[in-house]
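Coordinates from structure-v7.csv are shown below (CSV, C-alpha atoms).
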```
chain,number,residue,atom,x,y,z
A,30,MET,CA,-57.7,-52.7,49.9
A,31,LYS,CA,-54.9,-50.2,50.2
A,32,LEU,CA,-51.3,-51.3,50.4
A,33,PHE,CA,-49.7,-48.0,49.6
A,34,ARG,CA,-50.4,-44.6,50.9
A,35,GLY,CA,-48.5,-41.3,50.7
A,36,PRO,CA,-45.1,-40.7,49.2
A,37,SER,CA,-42.3,-42.9,50.4
A,38,GLY,CA,-39.5,-40.6,49.2
A,39,GLY,CA,-37.4,-38.5,51.6
A,40,PRO,CA,-38.5,-35.1,52.7
A,41,GLU,CA,-36.0,-33.3,50.5
A,42,ALA,CA,-36.9,-32.0,47.1
A,43,GLU,CA,-35.9,-34.4,44.3
A,44,ALA,CA,-35.0,-33.5,40.8
A,45,PRO,CA,-37.4,-35.3,38.4
A,46,PRO,CA,-35.8,-38.2,36.7
A,47,PRO,CA,-35.5,-37.9,32.9
A,48,ALA,CA,-38.5,-39.3,31.0
A,49,GLN,CA,-37.4,-42.8,30.0
A,50,LYS,CA,-38.8,-44.7,27.0
A,51,LEU,CA,-38.7,-48.5,27.2
A,52,THR,CA,-39.9,-51.0,24.6
A,53,ARG,CA,-42.0,-53.9,25.8
A,54,ARG,CA,-43.6,-56.9,24.2
A,55,SER,CA,-47.3,-57.2,25.1
A,56,SER,CA,-49.1,-60.5,24.7
A,57,GLY,CA,-52.4,-58.9,25.4
A,58,LEU,CA,-51.9,-56.3,22.6
A,59,GLY,CA,-50.7,-59.1,20.3
A,60,GLU,CA,-54.0,-60.9,20.9
A,61,LEU,CA,-56.0,-57.7,20.2
A,62,ALA,CA,-54.1,-57.3,16.9
A,63,ARG,CA,-56.5,-59.8,15.4
A,64,LEU,CA,-59.3,-57.4,16.2
A,65,TRP,CA,-57.5,-54.3,14.7
A,66,GLU,CA,-56.6,-56.2,11.5
A,67,GLY,CA,-60.2,-57.1,10.6
A,68,ASP,CA,-62.1,-55.3,7.9
A,69,GLU,CA,-64.7,-53.8,10.2
A,70,PRO,CA,-64.0,-50.2,11.4
A,71,LEU,CA,-63.8,-50.3,15.1
A,72,CYS,CA,-64.5,-47.8,17.9
A,73,VAL,CA,-61.5,-47.7,20.4
A,74,LEU,CA,-61.2,-45.9,23.7
A,75,ASP,CA,-57.7,-45.1,24.8
A,76,LEU,CA,-57.6,-44.1,28.5
A,77,GLY,CA,-53.9,-43.3,28.8
A,78,SER,CA,-52.2,-40.0,28.4
A,79,THR,CA,-53.0,-38.5,24.9
A,80,SER,CA,-50.7,-40.4,22.5
A,81,ALA,CA,-50.2,-39.1,19.0
A,82,THR,CA,-48.7,-42.5,18.2
A,83,ASN,CA,-51.8,-44.4,19.2
A,84,ILE,CA,-54.1,-42.0,17.3
A,85,ARG,CA,-51.9,-42.4,14.2
A,86,PHE,CA,-52.0,-46.2,14.7
A,87,PHE,CA,-55.7,-46.6,14.9
A,88,THR,CA,-56.7,-43.9,12.4
A,89,GLY,CA,-54.2,-45.4,10.0
A,90,LEU,CA,-56.1,-48.7,10.2
A,91,GLY,CA,-59.4,-46.9,9.5
A,92,HIS,CA,-60.7,-47.1,13.1
A,93,LYS,CA,-62.2,-44.4,15.2
A,94,ILE,CA,-60.3,-43.5,18.4
A,95,TYR,CA,-61.5,-41.7,21.5
A,96,SER,CA,-58.9,-40.4,23.9
A,97,GLU,CA,-59.6,-39.6,27.6
A,98,ASP,CA,-57.0,-39.4,30.3
A,99,LEU,CA,-58.9,-40.6,33.4
A,100,LEU,CA,-55.9,-40.3,35.8
A,101,VAL,CA,-55.5,-36.6,35.0
A,102,ALA,CA,-59.3,-36.2,35.3
A,103,SER,CA,-59.2,-37.8,38.7
A,104,THR,CA,-57.0,-35.1,40.1
A,105,ASP,CA,-59.7,-32.5,39.7
A,106,PRO,CA,-59.8,-30.8,43.1
A,107,SER,CA,-63.6,-30.3,42.9
A,108,LEU,CA,-64.1,-34.1,43.2
A,109,VAL,CA,-62.8,-34.2,46.8
A,110,THR,CA,-65.6,-34.9,49.2
A,111,LYS,CA,-66.0,-36.7,52.6
A,112,ASP,CA,-67.6,-40.0,53.4
A,113,GLU,CA,-69.9,-40.7,56.4
A,114,GLU,CA,-66.9,-41.0,58.7
A,115,GLY,CA,-65.4,-37.8,57.5
A,116,ASN,CA,-62.6,-39.3,55.5
A,117,ALA,CA,-61.6,-37.5,52.3
A,118,ILE,CA,-62.7,-39.4,49.2
A,119,LEU,CA,-63.4,-38.6,45.6
A,120,ASP,CA,-67.0,-38.2,44.5
A,121,SER,CA,-67.5,-41.1,42.1
A,122,ARG,CA,-70.9,-39.9,40.9
A,123,GLN,CA,-69.5,-36.5,39.9
A,124,PHE,CA,-66.5,-38.2,38.3
A,125,LEU,CA,-68.8,-40.4,36.2
A,126,ALA,CA,-71.0,-37.4,35.3
A,127,ASP,CA,-68.0,-35.6,33.9
A,128,ASN,CA,-66.0,-38.5,32.4
A,129,LEU,CA,-66.6,-41.7,30.4
A,130,VAL,CA,-69.8,-40.2,29.2
A,131,TYR,CA,-70.6,-42.3,26.1
A,132,PRO,CA,-73.7,-44.2,24.8
A,133,ALA,CA,-74.1,-47.7,26.0
A,134,ALA,CA,-72.4,-50.5,24.0
A,135,HIS,CA,-70.3,-47.9,22.1
A,136,PHE,CA,-66.8,-49.4,22.0
A,137,ASP,CA,-65.3,-52.5,20.5
A,138,ALA,CA,-62.2,-52.1,22.7
A,139,VAL,CA,-61.1,-50.2,25.7
A,140,LEU,CA,-57.4,-49.7,26.4
A,141,CYS,CA,-57.3,-49.3,30.1
A,142,TRP,CA,-53.5,-49.7,30.5
A,143,ASN,CA,-52.4,-49.5,34.1
A,144,LEU,CA,-55.3,-47.2,35.2
A,145,PRO,CA,-56.8,-49.5,38.0
A,146,ASP,CA,-53.5,-49.6,39.9
A,147,TYR,CA,-53.1,-45.8,40.0
A,148,LEU,CA,-56.7,-44.7,40.3
A,149,ASP,CA,-58.1,-43.6,43.6
A,150,GLU,CA,-59.8,-46.3,45.6
A,151,SER,CA,-63.2,-44.6,45.6
A,152,LEU,CA,-63.3,-44.6,41.8
A,153,VAL,CA,-62.1,-48.1,40.9
A,154,ARG,CA,-65.3,-50.0,41.1
A,155,PRO,CA,-67.6,-47.3,39.6
A,156,VAL,CA,-65.2,-46.9,36.7
A,157,MET,CA,-65.1,-50.6,36.0
A,158,GLY,CA,-68.9,-50.7,36.0
A,159,ARG,CA,-68.9,-47.9,33.5
A,160,PHE,CA,-66.5,-49.8,31.3
A,161,TRP,CA,-68.9,-52.7,31.2
A,162,SER,CA,-71.7,-50.5,30.0
A,163,VAL,CA,-69.8,-48.6,27.3
A,164,LEU,CA,-68.3,-51.8,25.8
A,165,LYS,CA,-70.3,-53.7,23.2
A,166,PRO,CA,-71.2,-57.2,24.0
A,167,GLY,CA,-68.1,-59.1,22.9
A,168,GLY,CA,-66.0,-56.0,23.3
A,169,VAL,CA,-62.6,-56.3,24.8
A,170,LEU,CA,-60.7,-54.4,27.5
A,171,LEU,CA,-57.0,-54.5,28.0
A,172,ALA,CA,-55.5,-53.7,31.5
A,173,PHE,CA,-52.2,-54.1,33.2
A,174,PHE,CA,-51.8,-54.9,36.8
A,175,HIS,CA,-48.6,-54.9,38.9
A,176,THR,CA,-47.7,-58.1,40.8
A,177,LYS,CA,-46.9,-58.1,44.5
A,178,ASP,CA,-43.3,-57.7,43.8
A,179,ALA,CA,-43.9,-54.1,42.6
A,180,GLY,CA,-43.1,-51.4,45.1
A,181,PRO,CA,-45.1,-48.2,45.7
A,182,ASP,CA,-42.6,-46.3,43.7
A,183,SER,CA,-43.3,-48.3,40.5
A,184,PRO,CA,-43.4,-45.7,37.8
A,185,CYS,CA,-46.6,-44.8,36.0
A,186,TYR,CA,-46.1,-45.0,32.3
A,187,ARG,CA,-47.9,-43.8,29.2
A,188,PHE,CA,-48.2,-46.4,26.5
A,189,HIS,CA,-47.6,-45.9,22.8
A,190,ILE,CA,-48.4,-48.7,20.4
A,191,VAL,CA,-45.4,-49.1,18.1
A,192,GLY,CA,-46.1,-52.5,16.6
A,193,LYS,CA,-48.5,-55.4,16.5
A,194,ASP,CA,-47.5,-56.6,19.9
A,195,THR,CA,-45.0,-53.9,20.9
A,196,LEU,CA,-45.5,-51.0,23.2
A,197,GLU,CA,-43.2,-48.1,23.9
A,198,MET,CA,-43.5,-47.1,27.6
A,199,GLN,CA,-42.8,-43.6,28.6
A,200,ARG,CA,-42.4,-42.8,32.2
A,201,ILE,CA,-44.7,-40.1,33.6
A,202,VAL,CA,-42.2,-38.0,35.6
A,203,LEU,CA,-42.9,-37.2,39.2
A,204,LYS,CA,-42.2,-33.7,40.3
A,205,ARG,CA,-41.8,-33.6,44.1
A,206,GLU,CA,-41.8,-30.4,46.0
A,207,ALA,CA,-40.8,-30.1,49.7
A,208,ARG,CA,-42.6,-27.5,51.7
A,209,ARG,CA,-42.6,-26.7,55.4
A,210,GLY,CA,-46.1,-26.8,56.9
A,211,PRO,CA,-47.6,-24.7,59.7
A,212,THR,CA,-46.3,-27.1,62.3
A,213,GLY,CA,-42.8,-26.9,61.0
A,214,ALA,CA,-42.9,-30.4,59.6
A,215,VAL,CA,-41.6,-30.9,56.0
A,216,HIS,CA,-44.3,-32.2,53.6
A,217,THR,CA,-43.4,-33.7,50.3
A,218,ALA,CA,-46.1,-32.9,47.8
A,219,ILE,CA,-46.4,-34.7,44.5
A,220,ALA,CA,-47.1,-31.9,42.0
A,221,ASP,CA,-47.4,-34.1,39.0
A,222,GLY,CA,-47.3,-37.9,38.4
A,223,PHE,CA,-49.1,-40.8,39.9
A,224,ARG,CA,-48.3,-43.3,42.6
A,225,LEU,CA,-49.2,-47.0,42.7
A,226,GLN,CA,-52.2,-47.2,45.0
A,227,ARG,CA,-52.5,-50.9,45.6
A,228,VAL,CA,-51.6,-54.3,44.1
A,229,PHE,CA,-54.5,-56.5,43.0
A,230,ASN,CA,-54.1,-60.3,43.3
A,231,ASN,CA,-55.7,-62.6,40.7
A,232,ARG,CA,-58.8,-63.1,42.9
A,233,HIS,CA,-59.3,-59.3,43.3
A,234,ILE,CA,-58.9,-58.9,39.5
A,235,GLU,CA,-61.5,-61.6,38.9
A,236,THR,CA,-63.9,-59.9,41.3
A,237,LEU,CA,-63.3,-56.5,39.7
A,238,PHE,CA,-64.4,-57.9,36.4
A,239,ARG,CA,-67.0,-60.3,37.6
A,240,ASP,CA,-69.7,-58.9,35.4
A,241,PHE,CA,-67.7,-59.6,32.3
A,242,ALA,CA,-68.0,-62.8,30.2
A,243,SER,CA,-64.4,-63.9,30.3
A,244,ILE,CA,-61.0,-63.0,31.6
A,245,LYS,CA,-57.6,-64.0,30.4
A,246,PHE,CA,-54.3,-63.4,32.2
A,247,PHE,CA,-50.8,-63.0,30.6
A,248,LEU,CA,-47.9,-63.0,32.9
A,249,ALA,CA,-45.0,-60.8,32.0
A,250,ARG,CA,-41.5,-60.6,33.3
A,251,ASP,CA,-41.6,-57.1,34.5
A,252,ASN,CA,-43.9,-57.5,37.6
A,253,VAL,CA,-46.9,-56.9,35.4
A,254,ARG,CA,-49.9,-59.1,34.6
A,255,GLU,CA,-51.8,-58.3,31.4
A,256,VAL,CA,-55.5,-58.9,31.5
A,257,LEU,CA,-57.8,-59.2,28.6
A,258,VAL,CA,-61.5,-59.1,29.5
A,259,VAL,CA,-64.4,-59.7,27.2
A,260,ARG,CA,-67.8,-58.3,27.9
B,11,MET,CA,-45.0,-16.6,23.0
B,12,SER,CA,-46.2,-13.6,21.0
B,13,ALA,CA,-48.8,-13.6,18.3
B,14,PRO,CA,-47.6,-14.1,14.8
B,15,LEU,CA,-47.6,-10.9,12.7
B,16,SER,CA,-49.2,-11.0,9.3
B,17,GLY,CA,-51.1,-8.7,7.0
B,18,ASP,CA,-54.0,-11.2,6.6
B,19,LEU,CA,-54.3,-12.2,10.2
B,20,ALA,CA,-57.0,-11.0,12.5
B,21,GLN,CA,-56.1,-11.1,16.2
B,22,ILE,CA,-58.2,-11.3,19.3
B,23,GLY,CA,-56.1,-10.2,22.3
B,24,LYS,CA,-56.0,-11.8,25.7
B,25,SER,CA,-58.2,-9.2,27.3
B,26,VAL,CA,-61.0,-9.6,24.7
B,27,VAL,CA,-64.1,-11.7,25.3
B,28,ILE,CA,-66.5,-12.5,22.4
B,29,LYS,CA,-69.7,-14.4,22.6
B,30,GLY,CA,-71.6,-15.3,19.4
B,31,GLU,CA,-70.9,-16.4,15.8
B,32,LEU,CA,-67.5,-15.6,14.4
B,33,SER,CA,-66.9,-16.0,10.7
B,34,GLY,CA,-64.4,-14.6,8.2
B,35,SER,CA,-62.1,-15.0,5.2
B,36,GLU,CA,-58.8,-14.3,6.8
B,37,ASP,CA,-56.7,-16.2,9.3
B,38,LEU,CA,-57.6,-15.7,13.0
B,39,TYR,CA,-55.4,-15.7,16.1
B,40,VAL,CA,-57.3,-16.0,19.4
B,41,ASP,CA,-55.5,-15.2,22.6
B,42,GLY,CA,-58.7,-14.1,24.4
B,43,VAL,CA,-62.0,-15.8,25.1
B,44,VAL,CA,-64.5,-16.8,22.4
B,45,GLU,CA,-67.8,-18.6,23.1
B,46,GLY,CA,-70.2,-19.6,20.4
B,47,SER,CA,-69.0,-20.8,16.9
B,48,ILE,CA,-66.1,-20.0,14.6
B,49,ALA,CA,-66.3,-20.5,10.8
B,50,LEU,CA,-63.2,-19.9,8.7
B,51,LYS,CA,-63.8,-22.3,5.8
B,52,ASN,CA,-60.8,-21.4,3.8
B,53,ASN,CA,-58.6,-20.0,6.5
B,54,SER,CA,-56.8,-21.0,9.7
B,55,LEU,CA,-57.5,-20.6,13.4
B,56,THR,CA,-54.7,-20.4,16.0
B,57,VAL,CA,-55.7,-20.5,19.6
B,58,GLY,CA,-52.8,-18.8,21.4
B,59,PRO,CA,-51.4,-19.9,24.8
B,60,ASN,CA,-53.8,-17.6,26.7
B,61,GLY,CA,-56.7,-18.4,24.4
B,62,GLN,CA,-59.9,-20.0,25.7
B,63,VAL,CA,-62.3,-21.0,23.0
B,64,LYS,CA,-65.6,-22.6,23.9
B,65,ALA,CA,-67.0,-23.1,20.4
B,66,SER,CA,-67.6,-25.4,17.5
B,67,VAL,CA,-64.9,-24.6,15.0
B,68,ASP,CA,-64.9,-25.1,11.2
B,69,ALA,CA,-61.7,-24.0,9.5
B,70,LYS,CA,-59.0,-25.1,7.0
B,71,GLY,CA,-56.3,-25.5,9.6
B,72,ILE,CA,-56.4,-25.3,13.4
B,73,VAL,CA,-53.4,-24.8,15.7
B,74,VAL,CA,-54.1,-25.0,19.5
B,75,GLN,CA,-51.8,-23.8,22.1
B,76,GLY,CA,-54.4,-22.9,24.8
B,77,LYS,CA,-57.8,-24.3,25.7
B,78,LEU,CA,-60.4,-25.3,23.2
B,79,GLU,CA,-63.8,-26.9,24.1
B,80,GLY,CA,-66.1,-27.9,21.3
B,81,ASN,CA,-66.1,-30.0,18.2
B,82,VAL,CA,-63.5,-29.3,15.6
B,83,LEU,CA,-63.8,-29.7,11.8
B,84,ALA,CA,-60.6,-28.9,9.9
B,85,SER,CA,-60.6,-29.5,6.1
B,86,GLU,CA,-56.8,-29.9,6.1
B,87,ARG,CA,-54.9,-30.1,9.4
B,88,VAL,CA,-55.1,-29.9,13.2
B,89,GLU,CA,-52.1,-29.3,15.3
B,90,LEU,CA,-52.2,-29.6,19.1
B,91,ARG,CA,-49.1,-28.0,20.7
B,92,LYS,CA,-47.8,-29.3,24.1
B,93,SER,CA,-49.8,-26.7,26.1
B,94,ALA,CA,-53.1,-27.6,24.3
B,95,VAL,CA,-56.1,-28.7,26.3
B,96,VAL,CA,-58.8,-29.8,23.9
B,97,THR,CA,-62.2,-31.3,24.9
B,98,GLY,CA,-64.3,-32.2,21.9
B,99,ASP,CA,-64.3,-34.4,18.8
B,100,ILE,CA,-61.8,-33.7,16.0
B,101,THR,CA,-62.5,-34.4,12.3
B,102,THR,CA,-59.7,-33.6,10.0
B,103,GLN,CA,-57.4,-35.0,7.2
B,104,ARG,CA,-54.2,-34.7,9.2
B,105,ILE,CA,-53.4,-34.3,12.9
B,106,ALA,CA,-50.2,-33.6,14.7
B,107,ILE,CA,-50.1,-33.8,18.5
B,108,GLU,CA,-47.1,-32.7,20.6
B,109,GLU,CA,-46.2,-34.6,23.7
B,110,GLY,CA,-47.9,-33.1,26.7
B,111,ALA,CA,-51.0,-32.0,24.8
B,112,TYR,CA,-54.3,-33.1,26.4
B,113,LEU,CA,-57.2,-34.4,24.3
B,114,LYS,CA,-60.5,-35.6,25.5
B,115,GLY,CA,-62.6,-36.6,22.6
B,116,LYS,CA,-62.8,-38.6,19.3
B,117,VAL,CA,-60.4,-38.3,16.4
B,118,ASP,CA,-61.8,-39.0,13.0
B,119,ILE,CA,-59.4,-38.8,10.1
B,120,GLN,CA,-61.2,-38.3,6.9
B,121,GLY,CA,-59.4,-38.7,3.6
B,122,ARG,CA,-60.2,-36.5,0.6
B,123,ALA,CA,-62.3,-39.2,-1.1
B,124,GLU,CA,-64.2,-39.9,2.1
B,125,LYS,CA,-64.9,-36.2,2.6
B,126,ALA,CA,-66.0,-35.8,-1.0
B,127,ALA,CA,-68.5,-38.6,-0.5
B,128,GLY,CA,-69.8,-36.8,2.5
B,129,LYS,CA,-69.2,-39.6,5.0
```
Rewritten as structure tokens:
Amino acid sequence: MKLFRGPSGGPEAEAPPPAQKLTRRSSGLGELARLWEGDEPLCVLDLGSTSATNIRFFTGLGHKIYSEDLLVASTDPSLVTKDEEGNAILDSRQFLADNLVYPAAHFDAVLCWNLPDYLDESLVRPVMGRFWSVLKPGGVLLAFFHTKDAGPDSPCYRFHIVGKDTLEMQRIVLKREARRGPTGAVHTAIADGFRLQRVFNNRHIETLFRDFASIKFFLARDNVREVLVVR
Amino acid sequence: MSAPLSGDLAQIGKSVVIKGELSGSEDLYVDGVVEGSIALKNNSLTVGPNGQVKASVDAKGIVVQGKLEGNVLASERVELRKSAVVTGDITTQRIAIEEGAYLKGKVDIQGRAEKAAGK
């Protein structure tokens, strides 16, 4: 299911917009706060851009935090391969050999943020499968999904936990570069940043997490659904 | 960015490649390639912007501006500057991470009491 492909911006080079920071209330995070505030030390996996704020937040509460930026990892050029029909895809086996390499049932919580919406199509299902195996039974995953009202240029954010149910969202800035190709056509390359790859509806999200024990949706006002999934 | 100048600072320049065990009792600035292990129990390690360290590191303080692959144990402080790319687990008392730094690994903050108890 691909709704968006390729840059929609004009062919001219654009100056990157300034990195914006927005504060947002998160019901999913608020629900997870009960977990953080318990006495048991937890093992948490943060899959967003490396965030000193999140590291401080969890280590301050006595939990162990693992940080891994899967979106950046998915841009590794060595992952590009071809499927049986010759279409360029990413090698999911290689990706999972290099990333998300943890013992089974290792984490109490996985902070997935908006990863599924921005991750390459060929990696989405294998990565979700790996989440299931690295989560402990009863472990929780938090993910954000755009609603159908979101456009392909919906910005990708990094998320910093600044309160019990409050996130600071910092836009990951796109740097676009216009180049003239061998045929004379102008190509706009995205040198940095990520584009929304697709929009999942509720049924797609339920299918994505069908191996998990339960799923809970929180609707937000900013074209985002928050999803809490329990293994 | 040039290497800091100091009387008690050993420097490994960007054209130098070292493979093996590195240990010492003075601060170390690495802007070249080091593979193996680095032990500077009472001193600090700085990985410069051109530095590529593929080693387990045990030091008092560690500042990373370049690439570091391996587990890191710092008795006092770890600092990841914005150009840092670190793959490995970090155990330390304090950590500072600049925006833009990349970390793939675990962060374990150990307080003095915890460290003394050998946890």
Within-8 Å shell of (-64.0, -39.4, 45.6) in input frame, only C-alpha atoms, as an MDAnalysis selection string:
chainID A and resid 108:111 117:121 124 149 151:152
Mind checking which residues fall within 12 Å of Ser25 (chain B), counting only C-alpha atoms, ignoring those fewer than 5 positions away in the same chain, and posting them as a list of chain:residue names?
B:Val40, B:Asp41, B:Gly42, B:Val43, B:Val44, B:Asn60, B:Gly61, B:Gln62
Considering only C-alpha atoms, give me a table of residues in chain A that are at most 6 Å from chain B, with the closest atom pair and distance in Å for each, as JSON lines.
```
{"residue": "A:Thr79", "atom": "CA", "partner": "B:Tyr112", "partner_atom": "CA", "distance": 5.8}
{"residue": "A:Ala81", "atom": "CA", "partner": "B:Ile107", "partner_atom": "CA", "distance": 5.3}
{"residue": "A:Lys93", "atom": "CA", "partner": "B:Asp118", "partner_atom": "CA", "distance": 5.8}
{"residue": "A:Ile94", "atom": "CA", "partner": "B:Val117", "partner_atom": "CA", "distance": 5.6}
{"residue": "A:Tyr95", "atom": "CA", "partner": "B:Lys116", "partner_atom": "CA", "distance": 4.0}
{"residue": "A:Ser96", "atom": "CA", "partner": "B:Lys114", "partner_atom": "CA", "distance": 5.3}
{"residue": "A:Glu97", "atom": "CA", "partner": "B:Lys114", "partner_atom": "CA", "distance": 4.6}
```
With 5 Å added on each side, what axis-aligned box encloses every listed atom of region 71-87 of chain A? Give the centre and edge lengths in Å to one decimal, as lines of an AutoDock Vina configuration file.
```
center_x = -56.6
center_y = -44.4
center_z = 21.5
size_x = 25.8
size_y = 21.8
size_z = 24.6
```
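Close contacts of Lys193 (chain A), defined as residues with an atom at most 12 Å away when counting all atoms listed in the file, with chain neighbours fewer than 3 positions off set aside, comprise Arg53, Arg54, Ser55, Ser56, Gly57, Leu58, Gly59, Glu60, Leu61, Ala62, Arg63, Leu64, Trp65, Glu66, Asn83, Phe86, Phe87, Leu90, His189, Ile190, Leu196 and Glu197 of chain A.
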Take the point (-63.5, -24.5, 22.4) in the file's coordinates, draw a sphere of radius 10 Å around it, and report as a CSV table (one decimal) with C-alpha atoms, in the coordinates of the input every protein, DNA or RNA residue with an atom inside or on it, counting all atoms listed in the file.
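File written: selection-v5.csv
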```csv
chain,number,residue,atom,x,y,z
B,43,VAL,CA,-62.0,-15.8,25.1
B,44,VAL,CA,-64.5,-16.8,22.4
B,45,GLU,CA,-67.8,-18.6,23.1
B,46,GLY,CA,-70.2,-19.6,20.4
B,47,SER,CA,-69.0,-20.8,16.9
B,48,ILE,CA,-66.1,-20.0,14.6
B,57,VAL,CA,-55.7,-20.5,19.6
B,61,GLY,CA,-56.7,-18.4,24.4
B,62,GLN,CA,-59.9,-20.0,25.7
B,63,VAL,CA,-62.3,-21.0,23.0
B,64,LYS,CA,-65.6,-22.6,23.9
B,65,ALA,CA,-67.0,-23.1,20.4
B,66,SER,CA,-67.6,-25.4,17.5
B,67,VAL,CA,-64.9,-24.6,15.0
B,74,VAL,CA,-54.1,-25.0,19.5
B,76,GLY,CA,-54.4,-22.9,24.8
B,77,LYS,CA,-57.8,-24.3,25.7
B,78,LEU,CA,-60.4,-25.3,23.2
B,79,GLU,CA,-63.8,-26.9,24.1
B,80,GLY,CA,-66.1,-27.9,21.3
B,81,ASN,CA,-66.1,-30.0,18.2
B,82,VAL,CA,-63.5,-29.3,15.6
B,95,VAL,CA,-56.1,-28.7,26.3
B,96,VAL,CA,-58.8,-29.8,23.9
B,97,THR,CA,-62.2,-31.3,24.9
B,98,GLY,CA,-64.3,-32.2,21.9
```
What is the CA of Leu257 (chain A)-CA of Asp182 (chain A) distance in Å, reported with one decimal?
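CA of Leu257 (chain A) sits 25.0 Å away from CA of Asp182 (chain A).
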Which is closest to Asn53 (chain B) among B:Ile28, B:Asp18, B:Thr102, B:Gln75, if we use only C-alpha atoms?
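That would be B:Asp18, the residue with the smallest distance to Asn53 (chain B).
Taking CA of Arg250 (chain A) and CA of Glu235 (chain A) as endpoints, the distance between them is 20.8 Å.
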For a test of reading the model, state the distance in Å between CA of Ala138 (chain A) and CA of Trp161 (chain A), rounded to one decimal.
10.8 Å
Using all atoms listed in the file, find the one residue out of A:Val169, A:Ile84, A:Ile234, A:Leu225 that sits nearest to Val258 (chain A).
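Looking only at the distances to Val258 (chain A), the closest residue turns out to be A:Val169.
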